file entry_14.cif (mmCIF, C-alpha atoms)
data_query
#
loop_
_atom_site.label_atom_id
_atom_site.label_comp_id
_atom_site.auth_asym_id
_atom_site.auth_seq_id
_atom_site.Cartn_x
_atom_site.Cartn_y
_atom_site.Cartn_z
CA MET Q 15 52.17 46.01 114.38
CA PRO Q 16 48.48 45.45 115.36
CA ILE Q 17 48.46 48.80 117.19
CA LEU Q 18 50.02 50.61 114.23
CA LEU Q 19 47.48 48.94 111.97
CA GLY Q 20 44.78 50.02 114.41
CA PHE Q 21 45.76 53.66 113.89
CA LEU Q 22 45.56 53.23 110.11
CA ILE Q 23 42.33 51.24 110.01
CA LEU Q 24 40.41 53.14 112.66
CA GLY Q 25 41.68 56.48 111.36
CA GLY Q 26 40.59 55.52 107.85
CA LEU Q 27 37.20 54.31 109.09
CA THR Q 28 36.70 57.60 110.96
CA VAL Q 29 37.35 59.54 107.76
CA VAL Q 30 34.86 57.33 105.90
CA GLN Q 31 32.40 57.73 108.76
CA SER Q 32 32.62 61.53 108.68
CA ALA Q 33 32.82 62.00 104.92
CA ILE Q 34 30.40 59.35 103.66
CA VAL Q 35 28.47 57.33 106.26
CA SER Q 36 27.26 60.43 108.13
CA ARG Q 37 25.72 61.70 104.90
CA MET Q 38 23.70 58.50 104.47
CA PRO Q 39 21.32 58.44 107.41
CA MET Q 40 18.34 56.17 107.91
CA LEU Q 41 15.80 58.56 109.45
CA GLN Q 42 18.42 60.39 111.56
CA GLY Q 43 20.52 57.38 112.55
CA THR Q 44 23.82 56.30 111.00
CA ALA Q 45 25.99 53.22 111.16
CA ASP Q 46 29.11 53.34 113.34
CA LEU Q 47 31.95 51.71 111.38
CA VAL Q 48 34.53 52.22 114.13
CA LEU Q 49 32.29 50.56 116.71
CA LEU Q 50 31.78 47.60 114.37
CA ALA Q 51 35.51 47.23 113.68
CA ILE Q 52 36.40 47.35 117.37
CA ALA Q 53 33.65 44.85 118.26
CA ALA Q 54 34.81 42.41 115.58
CA TRP Q 55 38.45 42.84 116.64
CA ALA Q 56 37.69 42.30 120.32
CA LEU Q 57 35.79 39.09 119.63
CA HIS Q 58 38.67 37.37 117.90
CA SER Q 59 40.15 34.82 120.27
CA ARG Q 60 43.85 35.44 119.61
CA VAL Q 61 43.71 39.24 119.59
CA THR Q 62 45.40 40.89 122.56
CA THR Q 63 45.23 44.56 121.53
CA HIS Q 64 41.47 45.11 121.77
CA TRP Q 65 41.82 47.66 124.62
CA HIS Q 66 44.26 49.67 122.55
CA TRP Q 67 41.90 49.62 119.58
CA ALA Q 68 39.04 50.85 121.78
CA VAL Q 69 41.05 53.86 122.93
CA ILE Q 70 42.42 54.62 119.45
CA GLY Q 71 38.97 54.34 117.84
CA GLY Q 72 37.34 56.37 120.57
CA LEU Q 73 39.85 59.19 120.23
CA ALA Q 74 39.62 59.12 116.42
CA MET Q 75 35.83 59.45 116.56
CA ALA Q 76 35.96 62.13 119.26
CA ILE Q 77 38.20 64.51 117.31
CA PRO Q 78 35.73 65.52 114.54
CA SER Q 79 32.68 65.26 116.80
CA GLY Q 80 30.89 67.85 118.88
CA VAL Q 81 30.06 65.20 121.47
CA PRO Q 82 32.01 65.90 124.69
CA PHE Q 83 35.47 64.36 124.58
CA GLY Q 84 35.70 61.01 126.33
CA VAL Q 85 32.25 59.71 125.49
CA PHE Q 86 33.41 57.63 122.52
CA PRO Q 87 36.49 56.11 124.26
CA ALA Q 88 34.41 55.29 127.33
CA ALA Q 89 31.63 53.70 125.27
CA TYR Q 90 34.06 51.64 123.22
CA LEU Q 91 35.96 50.49 126.30
CA LEU Q 92 32.71 49.32 127.90
CA MET Q 93 31.81 47.49 124.70
CA VAL Q 94 35.24 45.81 124.57
CA LEU Q 95 34.83 44.76 128.19
CA LEU Q 96 31.57 43.04 127.26
CA ALA Q 97 33.20 41.43 124.21
CA HIS Q 98 36.07 40.24 126.40
CA LEU Q 99 33.64 38.60 128.79
CA LEU Q 100 31.58 37.10 125.97
CA ARG Q 101 34.43 35.57 124.03
CA GLN Q 102 35.33 33.49 127.07
CA ARG Q 103 31.80 32.11 127.26
CA VAL Q 104 30.12 32.08 123.83
CA TRP Q 105 33.18 31.16 121.82
CA ARG Q 106 31.31 28.47 119.86
CA ALA Q 107 29.01 31.04 118.22
CA PRO Q 108 31.19 34.11 117.59
CA ILE Q 109 28.75 35.68 115.12
CA LEU Q 110 26.04 35.56 117.77
CA ALA Q 111 28.45 37.22 120.16
CA MET Q 112 29.10 39.87 117.50
CA PHE Q 113 25.38 40.70 117.31
CA VAL Q 114 25.15 40.90 121.09
CA VAL Q 115 28.23 43.12 121.37
CA VAL Q 116 27.10 45.43 118.54
CA PHE Q 117 23.64 45.75 120.08
CA ALA Q 118 25.03 46.47 123.52
CA GLY Q 119 27.79 48.74 122.16
CA THR Q 120 25.31 50.86 120.21
CA MET Q 121 23.01 51.20 123.21
CA VAL Q 122 25.90 52.05 125.53
CA SER Q 123 27.37 54.56 123.06
CA HIS Q 124 24.05 56.33 122.49
CA GLY Q 125 23.07 56.14 126.16
CA LEU Q 126 26.37 57.68 127.28
CA THR Q 127 26.07 60.39 124.61
CA LEU Q 128 22.54 61.32 125.70
CA LEU Q 129 23.55 61.32 129.36
CA THR Q 130 26.61 63.48 128.76
CA LEU Q 131 24.72 65.94 126.56
CA TRP Q 132 22.11 66.24 129.28
CA PHE Q 133 24.85 66.95 131.84
CA VAL Q 134 26.46 69.68 129.75
CA GLY Q 135 23.15 71.42 129.13
CA MET Q 136 22.46 70.21 125.58
CA PRO Q 137 19.66 67.71 126.26
CA ARG Q 138 18.08 65.71 123.46
CA PRO Q 139 14.47 64.51 123.66
CA LEU Q 140 14.70 60.90 124.83
CA PHE Q 141 11.77 59.41 122.93
CA ASP Q 142 12.66 61.10 119.63
CA SER Q 143 16.31 60.11 120.09
CA LEU Q 144 15.33 56.49 120.53
CA ASN Q 145 12.94 56.47 117.57
CA LEU Q 146 14.83 58.60 115.11
CA ILE Q 147 18.47 57.87 115.94
CA THR Q 148 19.12 54.86 118.14
CA LEU Q 149 16.81 52.28 116.55
CA PRO Q 150 17.80 53.11 112.93
CA SER Q 151 21.48 53.16 113.94
CA LEU Q 152 21.04 49.81 115.64
CA LEU Q 153 19.49 48.32 112.52
CA LEU Q 154 22.31 49.64 110.30
CA ASN Q 155 24.97 48.38 112.72
CA ILE Q 156 23.38 44.91 112.87
CA LEU Q 157 23.21 44.80 109.06
CA LEU Q 158 26.89 45.71 108.73
CA ALA Q 159 28.01 43.48 111.59
CA VAL Q 160 28.50 40.34 109.48
CA PRO Q 161 30.63 41.83 106.67
CA MET Q 162 32.72 43.75 109.18
CA TYR Q 163 33.18 40.62 111.30
CA VAL Q 164 34.41 38.69 108.25
CA LEU Q 165 36.81 41.45 107.12
CA ILE Q 166 38.28 42.09 110.55
CA GLY Q 167 38.39 38.33 111.20
CA ASP Q 168 40.56 37.85 108.10
CA LEU Q 169 42.83 40.66 109.26
CA ALA Q 170 43.12 39.10 112.71
CA LYS Q 171 43.94 35.68 111.23
CA TRP Q 172 46.64 37.29 109.11
CA LEU Q 173 48.17 39.12 112.07
CA TYR Q 174 47.73 36.29 114.56
CA PRO Q 175 48.23 33.04 112.59
CA GLU Q 176 47.24 29.80 114.27
CA GLU Q 177 50.17 28.01 115.88
CA MET Q 178 50.86 24.57 114.46
CA GLU Q 179 51.14 21.77 116.99
CA VAL Q 180 54.16 19.54 116.34
CA MET C 118 53.96 33.84 -5.27
CA TRP C 119 51.60 36.66 -6.17
CA LYS C 120 48.68 34.29 -5.72
CA PHE C 121 49.83 33.44 -2.23
CA THR C 122 50.28 37.12 -1.35
CA SER C 123 46.90 37.94 -2.82
CA THR C 124 45.18 35.19 -0.75
CA ARG C 125 46.81 36.46 2.45
CA SER C 126 45.75 40.03 1.70
CA VAL C 127 42.19 38.94 1.13
CA LEU C 128 42.28 36.94 4.38
CA THR C 129 43.66 39.92 6.31
CA PHE C 130 41.07 42.15 4.82
CA VAL C 131 38.27 39.73 5.75
CA ILE C 132 39.56 39.41 9.31
CA ALA C 133 39.87 43.16 9.65
CA LEU C 134 36.37 43.55 8.28
CA LEU C 135 35.07 40.95 10.73
CA ALA C 136 36.84 42.65 13.59
CA ILE C 137 35.47 46.06 12.62
CA GLY C 138 32.06 44.52 12.21
CA LEU C 139 32.23 42.88 15.64
CA ILE C 140 33.39 46.14 17.25
CA VAL C 141 30.62 48.09 15.56
CA MET C 142 28.06 45.46 16.58
CA ALA C 143 29.38 45.41 20.17
CA LEU C 144 29.32 49.19 20.40
CA SER C 145 25.82 49.30 19.03
CA GLY C 146 24.68 46.63 21.54
CA TYR C 147 23.82 43.89 19.13
CA LEU C 148 26.24 41.47 20.82
CA ALA C 149 24.83 41.92 24.36
CA PRO C 150 22.72 38.71 24.39
CA ILE C 151 25.66 36.69 23.19
CA THR C 152 27.99 38.38 25.70
CA ARG C 153 25.51 37.70 28.53
CA LEU C 154 25.22 34.11 27.48
CA VAL C 155 28.97 33.64 27.53
CA LEU C 156 29.91 35.78 30.55
CA ASN C 157 27.19 34.80 33.00
CA PRO C 158 28.56 31.33 33.71
CA ILE C 159 32.04 32.78 34.01
CA ILE C 160 30.89 35.48 36.47
CA ALA C 161 29.00 32.94 38.55
CA ALA C 162 32.02 30.66 38.67
CA GLN C 163 34.29 33.53 39.62
CA THR C 164 31.93 34.72 42.36
CA TRP C 165 31.74 31.23 43.83
CA LEU C 166 35.52 30.86 43.73
CA SER C 167 36.16 34.32 45.17
CA THR C 168 33.71 33.82 48.05
CA ARG C 169 35.33 30.54 49.02
CA TYR C 170 38.77 32.04 48.76
CA GLN C 171 37.84 34.96 51.03
CA ALA C 172 36.26 32.59 53.54
CA ILE C 173 39.42 30.49 53.65
CA GLN C 174 41.57 33.62 53.90
CA ASP C 175 39.44 34.94 56.82
CA PHE C 176 39.70 31.59 58.54
CA ILE C 177 43.48 31.63 58.25
CA THR C 178 44.03 35.27 59.21
CA THR C 179 41.33 35.64 61.95
CA PRO C 180 43.50 34.71 64.95
CA SER C 181 45.91 37.54 64.29
CA ASP C 182 43.01 39.93 63.63
CA LEU C 183 41.34 38.83 66.87
CA ALA C 184 44.45 39.56 68.88
CA ARG C 185 44.79 42.91 67.17
CA LEU C 186 41.13 43.69 67.78
CA ARG C 187 41.41 42.72 71.42
CA LEU C 188 44.40 44.99 71.81
CA ARG C 189 42.57 47.80 70.07
CA ASN C 190 39.49 47.17 72.20
CA ALA C 191 41.57 47.37 75.37
CA GLU C 192 43.10 50.63 74.16
CA LEU C 193 39.68 52.06 73.39
CA GLU C 194 38.31 50.92 76.74
CA ALA C 195 41.22 52.58 78.50
CA ASP C 196 40.61 55.76 76.47
CA ASN C 197 36.91 55.56 77.30
CA ALA C 198 37.59 55.19 81.02
CA ARG C 199 40.04 58.09 80.94
CA LEU C 200 37.56 60.28 79.08
CA GLN C 201 34.74 59.34 81.44
CA ALA C 202 36.94 60.29 84.40
CA GLN C 203 37.70 63.58 82.67
CA VAL C 204 33.99 64.19 82.08
CA ILE C 205 33.19 63.54 85.76
CA GLU C 206 36.03 65.80 86.84
CA LEU C 207 34.87 68.54 84.50
CA GLN C 208 31.28 68.18 85.67
CA GLN C 209 32.49 68.55 89.24
CA GLN C 210 34.52 71.60 88.26
CA ILE C 211 31.49 73.11 86.52
CA ALA C 212 29.30 72.50 89.59
CA GLU C 213 31.98 74.00 91.81
CA TYR C 214 32.39 76.93 89.45
CA GLN C 215 28.64 77.58 89.50
CA VAL C 216 28.57 77.55 93.30
CA LEU C 217 31.63 79.81 93.49
CA SER C 218 30.13 82.12 90.90
CA THR C 219 26.94 82.59 92.91
CA LEU C 220 29.00 83.02 96.09
CA LEU C 221 31.03 85.69 94.32
CA ASP C 222 27.82 87.45 93.31
CA TYR C 223 26.74 87.36 96.95
CA VAL C 224 30.10 88.75 98.10
CA ARG C 225 29.89 91.58 95.55
CA ALA C 226 26.36 92.38 96.65
CA ASN C 227 27.41 92.48 100.32
CA PRO C 228 30.79 94.25 100.33
CA GLN C 229 30.46 95.33 103.97
CA ASN C 230 31.64 91.89 105.11
CA GLU C 231 34.92 90.02 104.68
CA TYR C 232 34.69 86.37 103.74
CA VAL C 233 36.72 83.17 103.67
CA THR C 234 35.50 80.42 101.35
CA ALA C 235 35.57 76.87 102.67
CA SER C 236 34.55 73.44 101.47
CA VAL C 237 32.44 71.11 103.58
CA ILE C 238 34.57 67.99 104.03
CA GLY C 239 32.56 65.98 106.51
CA ARG C 240 29.85 65.75 109.09
CA ASP C 241 29.85 65.01 112.78
CA THR C 242 30.56 61.36 113.50
CA SER C 243 27.72 61.28 116.04
CA PRO C 244 24.15 61.31 114.71
CA PHE C 245 23.08 63.33 117.77
CA MET C 246 24.99 66.40 116.59
CA ARG C 247 24.28 68.51 113.51
CA TYR C 248 27.74 69.82 112.77
CA VAL C 249 29.79 69.95 109.59
CA ILE C 250 33.55 70.07 109.19
CA ILE C 251 35.06 72.70 106.87
CA ASN C 252 38.58 72.76 105.45
CA ARG C 253 39.60 76.17 106.83
CA GLY C 254 40.77 76.83 110.36
CA SER C 255 42.70 79.20 112.58
CA ASP C 256 45.51 79.34 110.00
CA ASN C 257 43.00 81.12 107.75
CA GLY C 258 41.93 83.56 110.46
CA LEU C 259 38.84 81.71 111.61
CA VAL C 260 37.82 81.92 115.24
CA ARG C 261 35.02 80.40 117.27
CA GLY C 262 31.65 82.08 116.83
CA MET C 263 32.09 83.40 113.30
CA PRO C 264 28.88 83.13 111.22
CA VAL C 265 28.83 80.74 108.28
CA ILE C 266 26.59 81.39 105.29
CA THR C 267 25.95 80.41 101.68
CA GLN C 268 24.63 82.61 98.90
CA GLN C 269 21.15 81.51 100.00
CA GLY C 270 21.34 82.30 103.68
CA LEU C 271 22.57 81.43 107.16
CA VAL C 272 24.17 78.02 107.72
CA GLY C 273 25.42 78.25 111.31
CA ARG C 274 28.45 79.36 113.25
CA ILE C 275 31.88 78.04 114.03
CA ALA C 276 31.84 75.95 117.18
CA ALA C 277 35.44 74.75 117.31
CA VAL C 278 38.62 75.56 115.39
CA SER C 279 41.83 73.69 114.68
CA PRO C 280 44.72 75.01 112.54
CA GLY C 281 43.48 73.46 109.31
CA ALA C 282 39.78 72.80 109.89
CA ALA C 283 36.77 74.01 111.81
CA ARG C 284 33.55 72.53 113.11
CA VAL C 285 30.38 74.42 112.27
CA GLN C 286 27.22 74.10 114.33
CA LEU C 287 24.29 74.16 111.90
CA ILE C 288 21.22 76.20 112.74
CA THR C 289 19.28 72.91 112.62
CA ASP C 290 21.24 71.49 115.58
CA PRO C 291 18.93 70.83 118.55
CA SER C 292 21.18 72.98 120.76
CA SER C 293 21.07 75.97 118.41
CA SER C 294 18.93 79.00 119.27
CA ILE C 295 19.05 82.25 117.29
CA ASN C 296 17.32 85.57 117.84
CA ILE C 297 15.38 86.40 114.70
CA ARG C 298 13.09 89.02 113.26
CA LEU C 299 10.16 88.40 110.96
CA GLN C 300 10.41 90.85 108.09
CA GLN C 301 6.73 91.50 107.36
CA SER C 302 5.26 91.35 110.85
CA GLU C 303 8.41 92.81 112.46
CA ALA C 304 8.01 90.38 115.35
CA ASP C 305 11.01 89.17 117.33
CA ALA C 306 11.32 85.48 118.14
CA VAL C 307 13.78 82.69 118.80
CA LEU C 308 14.63 80.10 116.15
CA MET C 309 15.49 76.64 117.41
CA GLY C 310 16.77 73.51 115.73
CA SER C 311 15.49 70.04 116.39
CA LEU C 312 16.52 66.41 116.24
CA THR C 313 14.68 65.97 112.95
CA GLY C 314 16.45 68.94 111.35
CA GLU C 315 13.31 71.06 111.32
CA LEU C 316 13.41 74.71 112.38
CA MET C 317 10.89 76.07 114.87
CA LEU C 318 10.11 79.61 115.97
CA ASP C 319 9.22 80.14 119.60
CA LEU C 320 8.53 83.11 121.88
CA ILE C 321 6.48 84.99 119.28
CA PRO C 322 4.19 87.40 121.16
CA GLN C 323 0.49 86.57 120.80
CA SER C 324 -0.19 90.15 119.71
CA ASP C 325 1.95 89.84 116.59
CA SER C 326 0.32 88.79 113.36
CA VAL C 327 2.55 86.18 111.78
CA GLN C 328 1.73 85.08 108.25
CA VAL C 329 2.85 82.04 106.29
CA GLY C 330 5.55 83.25 103.91
CA ASP C 331 7.04 85.83 106.30
CA LEU C 332 10.78 86.05 105.79
CA VAL C 333 12.90 85.03 108.78
CA LEU C 334 16.03 87.16 109.30
CA THR C 335 18.60 87.34 112.08
CA SER C 336 17.84 90.22 114.43
CA GLY C 337 21.36 90.72 115.74
CA LEU C 338 20.09 90.67 119.32
CA GLY C 339 22.44 88.91 121.68
CA GLY C 340 25.42 89.71 119.49
CA GLU C 341 25.92 86.16 118.23
CA TYR C 342 25.02 86.85 114.58
CA PRO C 343 25.03 89.94 112.40
CA GLU C 344 21.57 91.23 111.63
CA ASN C 345 19.54 90.70 108.45
CA LEU C 346 20.96 87.35 107.41
CA LEU C 347 18.23 85.41 105.65
CA ILE C 348 17.24 82.11 107.29
CA GLY C 349 14.00 81.03 105.64
CA GLN C 350 10.27 81.51 105.42
CA VAL C 351 7.48 80.80 107.86
CA SER C 352 5.74 77.66 106.64
CA GLY C 353 3.14 77.26 109.37
CA VAL C 354 1.87 79.11 112.44
CA ARG C 355 0.49 77.54 115.61
CA GLN C 356 -1.50 79.83 117.85
CA VAL C 357 -3.08 78.53 121.04
CA GLU C 358 -5.20 81.05 122.92
CA ALA C 359 -4.20 79.79 126.35
CA ALA C 360 -0.49 79.90 125.56
CA LEU C 361 1.76 82.88 126.24
CA PHE C 362 3.46 82.76 122.86
CA GLN C 363 2.84 81.60 119.33
CA THR C 364 5.04 79.06 117.63
CA ALA C 365 5.79 78.63 113.94
CA SER C 366 7.67 76.26 111.67
CA VAL C 367 10.27 77.59 109.27
CA GLN C 368 11.35 76.34 105.86
CA PRO C 369 15.08 77.10 105.61
CA VAL C 370 16.45 78.59 102.39
CA VAL C 371 19.63 76.51 102.68
CA ASP C 372 19.50 72.85 101.71
CA PHE C 373 21.60 71.38 104.51
CA THR C 374 21.88 67.99 102.81
CA GLN C 375 23.66 69.54 99.82
CA LEU C 376 26.17 71.80 101.56
CA ARG C 377 29.40 71.89 99.57
CA ILE C 378 30.97 75.34 99.73
CA VAL C 379 30.30 77.96 102.40
CA LEU C 380 31.42 81.46 103.27
CA VAL C 381 32.71 82.40 106.72
CA ILE C 382 32.16 86.05 107.69
CA THR C 383 35.53 86.88 109.22
CA ASN C 384 35.00 90.52 110.21
CA PHE C 385 32.20 89.68 112.61
CA ARG C 386 33.11 88.77 116.17
CA PRO C 387 30.35 87.55 118.46
CA ILE C 388 29.80 89.62 121.58
CA ASP C 389 29.87 87.81 124.88
CA ILE C 390 27.02 89.27 126.91
CA THR C 391 27.22 86.65 129.64
CA PRO C 392 28.61 89.12 132.25
CA LEU C 393 25.62 91.40 131.58
CA LEU C 394 23.08 88.68 132.24
CA PRO C 395 21.45 88.83 135.68
CA THR C 396 22.41 86.06 138.05
CA PRO C 397 20.35 84.80 140.99
CA SER C 398 23.00 86.03 143.45
CA ALA C 399 23.18 89.55 141.95
CA PRO C 400 21.55 92.35 143.98
#
call {"tool": "encode", "arguments": {"input": "entry_14.cif", "output": "structure tokens"}}
result
Amino acid sequence: MPILLGFLILGGLTVVQSAIVSRMPMLQGTADLVLLAIAAWALHSRVTTHWHWAVIGGLAMAIPSGVPFGVFPAAYLLMVLLAHLLRQRVWRAPILAMFVVVFAGTMVSHGLTLLTLWFVGMPRPLFDSLNLITLPSLLLNILLAVPMYVLIGDLAKWLYPEEMEV
Amino acid sequence: MWKFTSTRSVLTFVIALLAIGLIVMALSGYLAPITRLVLNPIIAAQTWLSTRYQAIQDFITTPSDLARLRLRNAELEADNARLQAQVIELQQQIAEYQVLSTLLDYVRANPQNEYVTASVIGRDTSPFMRYVIINRGSDNGLVRGMPVITQQGLVGRIAAVSPGAARVQLITDPSSSINIRLQQSEADAVLMGSLTGELMLDLIPQSDSVQVGDLVLTSGLGGEYPENLLIGQVSGVRQVEAALFQTASVQPVVDFTQLRIVLVITNFRPIDITPLLPTPSAP
């Protein structure tokens, strides 16, 4: 059920990302709804399907994008790995962990994209990329981190209810 | 007996005379002050009574009227919402019709090409890429490399195709480079996109006189685009004496933020000149 729901939610978020969010840039940067959803999902303590969500979200984002295939899944898997490590250590302040994971996820995603584009002969100027794309995207992602964390948290609580001790 | 009859006749006559007199006086307006004097208190009393009665009646019947009004209000609000949705839909249709109409004019003016119309349904999910997604694909005869235009000018070319959709690389993409010709100065140059979405001309020979306002057209060199597609106008020239080439900035004719409907030129196939390019190992 969580995996099936992952297809629906991440597929829907990819459509929203391509149709709406990409048309609302700050400078040249845009928020990454799929990254936010996966980060929030991976930070929830009872969730066990975060790896699946990373792959599903990565593939969904890769299909409409001109970025070489594999960059999004790899970036999201690395982010989920970080979230997995963090939720075992900073469990008392999950929202802080969310900020850390979103920050790191955005940097990893953009860093991998730049590196891959450079490898395939489509290099982007590093300084302009940082100023015009990465920093504005980071700001938008941080701003949307809290509402996404709350929404995905509610979904996780619904799918993974707390077990009552008898 | 006669006396009694005579008295009654006289009485009747007097009454009739009085009545006629009163009627004549009333008609001639002589009784108005008396009438006013008598009727005014009656009218005032009736007004007072009627007002109170209506107030009591309103008080009693208001609840049912309120419910009816609420129902009517809800109906009107629903009608209003439906009509507003219709207005928005019609406005969208009008805007679409206007775009299609201008595209049709363009197609009629350029009958040498074959076109497929497509709607822009999305943009690349990565902010590093300047691509748009269109709702036509290989099922509609589109193949990679086909030029994409609007009635204003060149938009880009198809970079990837799926059965029902295609991805178009915009000319503003940082990886895009197009061979162009300046109409007035007849200089050849290369147009390049950038991360900011600005268009730059490079490799303009120093000997060529480039003016602000020169029209930028595709040259057809390299076989990637048909020639004479309008791209924009030169908006600024940068000439450094020590440099080998001049550079210039270009104002595109297409507003890439408002792309909605585009035309794909389907009878143009890009020519792959890669085998003709010299390689370091070639003799």
call {"tool": "interface_residues", "arguments": {"input": "entry_14.cif", "of": "chain C", "to": "chain Q", "cutoff": "6 Å", "atoms": "all atoms listed in the file", "output": "ChimeraX atom specification"}}
result
/C:239-242,244,292
call {"tool": "residues_around", "arguments": {"input": "entry_14.cif", "residues": "Arg103 (chain Q)", "least_positions_apart": "6", "cutoff": "12 Å", "atoms": "only C-alpha atoms", "output": "list of chain:residue names"}}
result
Q:Leu57, Q:Ser59, Q:Leu96, Q:Ala97, Q:Leu110, Q:Ala111
call {"tool": "atom_distance", "arguments": {"input": "entry_14.cif", "atom1": "CA of Ala282 (chain C)", "atom2": "CA of Arg253 (chain C)"}}
result
4.6 Å
call {"tool": "resolve_selection", "arguments": {"input": "entry_14.cif", "expression": "the PyMOL selection byres ((chain C and resi 338) around 12)", "output": "list of chain:residue names"}}
result
C:Ser294, C:Ile295, C:Asn296, C:Ile297, C:Arg298, C:Asp305, C:Ala306, C:Val307, C:Leu334, C:Thr335, C:Ser336, C:Gly337, C:Gly339, C:Gly340, C:Glu341, C:Tyr342, C:Pro343, C:Glu344, C:Asn345, C:Pro387, C:Ile388, C:Asp389, C:Ile390
call {"tool": "write_last_selection", "arguments": {"input": "entry_14.cif", "atoms": "C-alpha atoms", "output": "short mmCIF file (atom, residue, chain, number, x, y, z; two decimals), keeping the file's coordinate frame"}}
result
data_model
loop_
_atom_site.label_atom_id
_atom_site.label_comp_id
_atom_site.auth_asym_id
_atom_site.auth_seq_id
_atom_site.Cartn_x
_atom_site.Cartn_y
_atom_site.Cartn_z
CA SER C 294 18.93 79.00 119.27
CA ILE C 295 19.05 82.25 117.29
CA ASN C 296 17.32 85.57 117.84
CA ILE C 297 15.38 86.40 114.70
CA ARG C 298 13.09 89.02 113.26
CA ASP C 305 11.01 89.17 117.33
CA ALA C 306 11.32 85.48 118.14
CA VAL C 307 13.78 82.69 118.80
CA LEU C 334 16.03 87.16 109.30
CA THR C 335 18.60 87.34 112.08
CA SER C 336 17.84 90.22 114.43
CA GLY C 337 21.36 90.72 115.74
CA GLY C 339 22.44 88.91 121.68
CA GLY C 340 25.42 89.71 119.49
CA GLU C 341 25.92 86.16 118.23
CA TYR C 342 25.02 86.85 114.58
CA PRO C 343 25.03 89.94 112.40
CA GLU C 344 21.57 91.23 111.63
CA ASN C 345 19.54 90.70 108.45
CA PRO C 387 30.35 87.55 118.46
CA ILE C 388 29.80 89.62 121.58
CA ASP C 389 29.87 87.81 124.88
CA ILE C 390 27.02 89.27 126.91
#
call {"tool": "closest_residue", "arguments": {"input": "entry_14.cif", "among": "Q:Val85, Q:Met15, Q:Leu154, Q:Trp55", "to": "Gly125 (chain Q)", "atoms": "all atoms listed in the file"}}
result
Q:Val85
call {"tool": "residues_near_point", "arguments": {"input": "entry_14.cif", "point": "(0.3, 82.8, 125.4)", "cutoff": "12 Å", "atoms": "only C-alpha atoms", "output": "PyMOL selection string"}}
result
chain C and resi 319-325+355-364
call {"tool": "residues_around", "arguments": {"input": "entry_14.cif", "residues": "region 264-281 of chain C", "least_positions_apart": "4", "cutoff": "6 Å", "atoms": "all atoms listed in the file", "output": "list in words"}}
result
Leu220, Tyr223, Arg253, Gly254, Ser255, Asp256, Val285, Gln286, Leu287, Ile288, Leu347, Ile348, Val371, Val379, Leu380, Val381 and Ile382 of chain C
call {"tool": "atom_distance", "arguments": {"input": "entry_14.cif", "atom1": "CA of Leu318 (chain C)", "atom2": "CA of Val367 (chain C)"}}
result
7.0 Å
call {"tool": "atom_distance", "arguments": {"input": "entry_14.cif", "atom1": "CA of Gly314 (chain C)", "atom2": "CA of Pro369 (chain C)"}}
result
10.1 Å
call {"tool": "residues_around", "arguments": {"input": "entry_14.cif", "residues": "region 236-238 of chain C", "least_positions_apart": "5", "cutoff": "6 Å", "atoms": "only C-alpha atoms", "output": "PDB file with C-alpha atoms, keeping the file's coordinate frame"}}
result
ATOM      1  CA  ILE C 250      33.550  70.070 109.190  1.00  0.00           C
ATOM      2  CA  ILE C 251      35.060  72.700 106.870  1.00  0.00           C
ATOM      3  CA  ASN C 252      38.580  72.760 105.450  1.00  0.00           C
ATOM      4  CA  ARG C 377      29.400  71.890  99.570  1.00  0.00           C
ATOM      5  CA  ILE C 378      30.970  75.340  99.730  1.00  0.00           C
TER       6      ILE C 378
END
call {"tool": "resolve_selection", "arguments": {"input": "entry_14.cif", "expression": "the PyMOL selection byres ((chain Q and resi 118) around 10)", "output": "list of chain:residue names"}}
result
Q:Ala89, Q:Leu92, Q:Met93, Q:Leu96, Q:Ala97, Q:Met112, Q:Phe113, Q:Val114, Q:Val115, Q:Val116, Q:Phe117, Q:Gly119, Q:Thr120, Q:Met121, Q:Val122, Q:Ser123, Q:His124, Q:Leu152
call {"tool": "resolve_selection", "arguments": {"input": "entry_14.cif", "expression": "the PyMOL selection byres ((chain Q and resi 62) around 12)", "output": "list in words"}}
result
Met15, Pro16, Ile17, Trp55, Ala56, Leu57, His58, Ser59, Arg60, Val61, Thr63, His64, Trp65, His66, Trp67, Ala68, Val94, His98, Ala170, Leu173 and Tyr174 of chain Q
call {"tool": "residues_around", "arguments": {"input": "entry_14.cif", "residues": "Val327 (chain C)", "least_positions_apart": "5", "cutoff": "8 Å", "atoms": "all atoms listed in the file", "output": "tab-separated table (two decimals) with C-alpha atoms, keeping the file's coordinate frame"}}
result
chain	number	residue	atom	x	y	z
C	299	LEU	CA	10.16	88.40	110.96
C	302	SER	CA	5.26	91.35	110.85
C	304	ALA	CA	8.01	90.38	115.35
C	354	VAL	CA	1.87	79.11	112.44
call {"tool": "closest_residue", "arguments": {"input": "entry_14.cif", "among": "Q:Pro175, Q:Leu19, Q:Pro82, Q:Ile166", "to": "Ile52 (chain Q)", "atoms": "all atoms listed in the file"}}
result
Q:Ile166
call {"tool": "closest_residue", "arguments": {"input": "entry_14.cif", "among": "C:Arg261, C:Arg125, C:Glu315, C:Val216", "to": "Gln375 (chain C)", "atoms": "only C-alpha atoms"}}
result
C:Val216
call {"tool": "axis_aligned_box", "arguments": {"input": "entry_14.cif", "around": "region 31-46 of chain Q", "padding_each_side": "4 Å", "output": "lines of an AutoDock Vina configuration file"}}
result
center_x = 24.3
center_y = 57.6
center_z = 108.5
size_x = 25.0
size_y = 16.8
size_z = 17.7
call {"tool": "decode", "arguments": {"input": "entry_14.cif", "residues": "region 46-50 of chain Q", "atoms": "C-alpha atoms", "output": "tab-separated table (two decimals), in the first residue's frame"}}
result
chain	number	residue	atom	x	y	z
Q	46	ASP	CA	11.67	20.43	-5.75
Q	47	LEU	CA	8.40	18.99	-4.43
Q	48	VAL	CA	9.44	15.37	-4.97
Q	49	LEU	CA	12.67	15.87	-3.02
Q	50	LEU	CA	10.69	17.44	-0.16
